[in-house]
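The structure appears right after this line, and notes come after that.
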Amino acid sequence: MSNGSSRLAFFKKNISKRVFRTRNGCDCVACAFIYEHGVIVRNISHAEYLADQEENRDVKYFTTKEARDEFVRTQQKTPESSGASQS
Ligand SMILES: [Zn+2]
């Protein structure tokens, strides 16, 4: 299920804009800073790099911090909480 090309299009569309990613499992200062403040897609090769990060590392990028936080929230949801209260 490779969606790499459409993700590359996403990053190309956001060149010179800021994107926010989910946590990459690293808590160092640099990674924590990027998590908080996002990263600006500089050019096409940077867009390709970020698309590659999504494919090869367990991260996903969003155009807003809010969308990122919302995604993280739904990922953390426990399975039984979604289909509750069937009466
Ligand atoms: Zn790090």
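Order determines the names: the first chain of the structure tokens is A, the second B, and so forth; residues in each chain are numbered 1 upward, and ligands are numbered 1 upward as they are shown.
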Backbone-only DSSP, strand (DSSP E or B) members of stretch 17-79 of chain A, as a PyMOL selection string: chain A and resi 18-21+39-41+61-62
Protein and nucleic residues near ligand 1, 8 Å, only C-alpha atoms and all ligand atoms, as a PyMOL selection string: chain A and resi 24-32
How about saving the chosen residues, N, CA and C atoms kept, as a CSV table (one decimal), in the first residue's frame?
chain,number,residue,atom,x,y,z
A,24,ASN,N,8.5,11.0,16.5
A,24,ASN,CA,9.3,10.0,15.8
A,24,ASN,C,10.0,9.0,16.7
A,25,GLY,N,9.6,9.0,18.0
A,25,GLY,CA,10.2,8.1,18.9
A,25,GLY,C,11.4,8.6,19.6
A,26,CYS,N,11.9,9.7,19.2
A,26,CYS,CA,13.1,10.3,19.7
A,26,CYS,C,12.8,11.6,20.5
A,27,ASP,N,13.3,11.7,21.7
A,27,ASP,CA,13.0,12.8,22.6
A,27,ASP,C,14.1,13.8,22.7
A,28,CYS,N,15.0,13.8,21.8
A,28,CYS,CA,16.1,14.7,21.9
A,28,CYS,C,15.6,16.1,21.6
A,29,VAL,N,16.4,17.1,21.9
A,29,VAL,CA,16.0,18.5,21.8
A,29,VAL,C,15.6,18.9,20.4
A,30,ALA,N,16.3,18.5,19.4
A,30,ALA,CA,16.0,18.8,18.0
A,30,ALA,C,14.7,18.2,17.6
A,31,CYS,N,14.4,17.0,17.9
A,31,CYS,CA,13.2,16.3,17.5
A,31,CYS,C,12.0,16.9,18.3
A,32,ALA,N,12.2,17.2,19.6
A,32,ALA,CA,11.1,17.8,20.4
A,32,ALA,C,10.8,19.2,19.8
Atom CA of A:Thr74 to atom CA of A:Ala51, straight-line distance in Å: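 If I compute the distance from atom CA of A:Ala51 to atom CA of A:Thr74, I get 22.0 Å.
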Backbone-only DSSP, alpha helix (DSSP H) members of chain A, as number ranges by chain: A: 4-13, 29-37, 44-56, 65-76, 79-82
Residues within 10 Å of A:Ile34, please, as a JSON list (two decimals) with N, CA and C atoms, in the first residue's frame. Count only C-alpha atoms; anything in the same chain fewer than 6 positions from it doesn't count.
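Heads up, here's the output in out22.json:
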[["chain", "number", "residue", "atom", "x", "y", "z"],
["A", 19, "VAL", "N", 5.10, 22.35, 8.12],
["A", 19, "VAL", "CA", 4.35, 21.12, 8.36],
["A", 19, "VAL", "C", 4.72, 20.60, 9.76],
["A", 20, "PHE", "N", 3.77, 19.89, 10.35],
["A", 20, "PHE", "CA", 3.96, 19.36, 11.70],
["A", 20, "PHE", "C", 3.86, 17.84, 11.66],
["A", 21, "ARG", "N", 4.74, 17.18, 12.36],
["A", 21, "ARG", "CA", 4.74, 15.72, 12.30],
["A", 21, "ARG", "C", 4.40, 15.11, 13.65],
["A", 22, "THR", "N", 4.03, 13.84, 13.57],
["A", 22, "THR", "CA", 3.83, 13.07, 14.79],
["A", 22, "THR", "C", 5.20, 12.77, 15.40],
["A", 23, "ARG", "N", 5.22, 12.26, 16.61],
["A", 23, "ARG", "CA", 6.49, 11.96, 17.26],
["A", 23, "ARG", "C", 7.22, 10.84, 16.53],
["A", 40, "ILE", "N", 9.73, 23.80, 8.04],
["A", 40, "ILE", "CA", 9.36, 24.38, 6.75],
["A", 40, "ILE", "C", 9.96, 23.53, 5.63]]
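Reported to one decimal place, the separation of atom CA of A:Arg42 from atom CA of A:Ala67 is 21.0 Å.
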Counting only C-alpha atoms, the option among A:Asn43, A:Gln76, A:Asn14, A:Ser5 closest to A:Thr64: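 Comparing A:Asn43, A:Gln76, A:Asn14, A:Ser5 against A:Thr64, the winner is A:Asn14.
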Shortest interatomic distance to A:Arg68 - which of A:Gly38, A:Ser16, A:Phe10, A:Glu54, counting only C-alpha atoms: A:Gly38
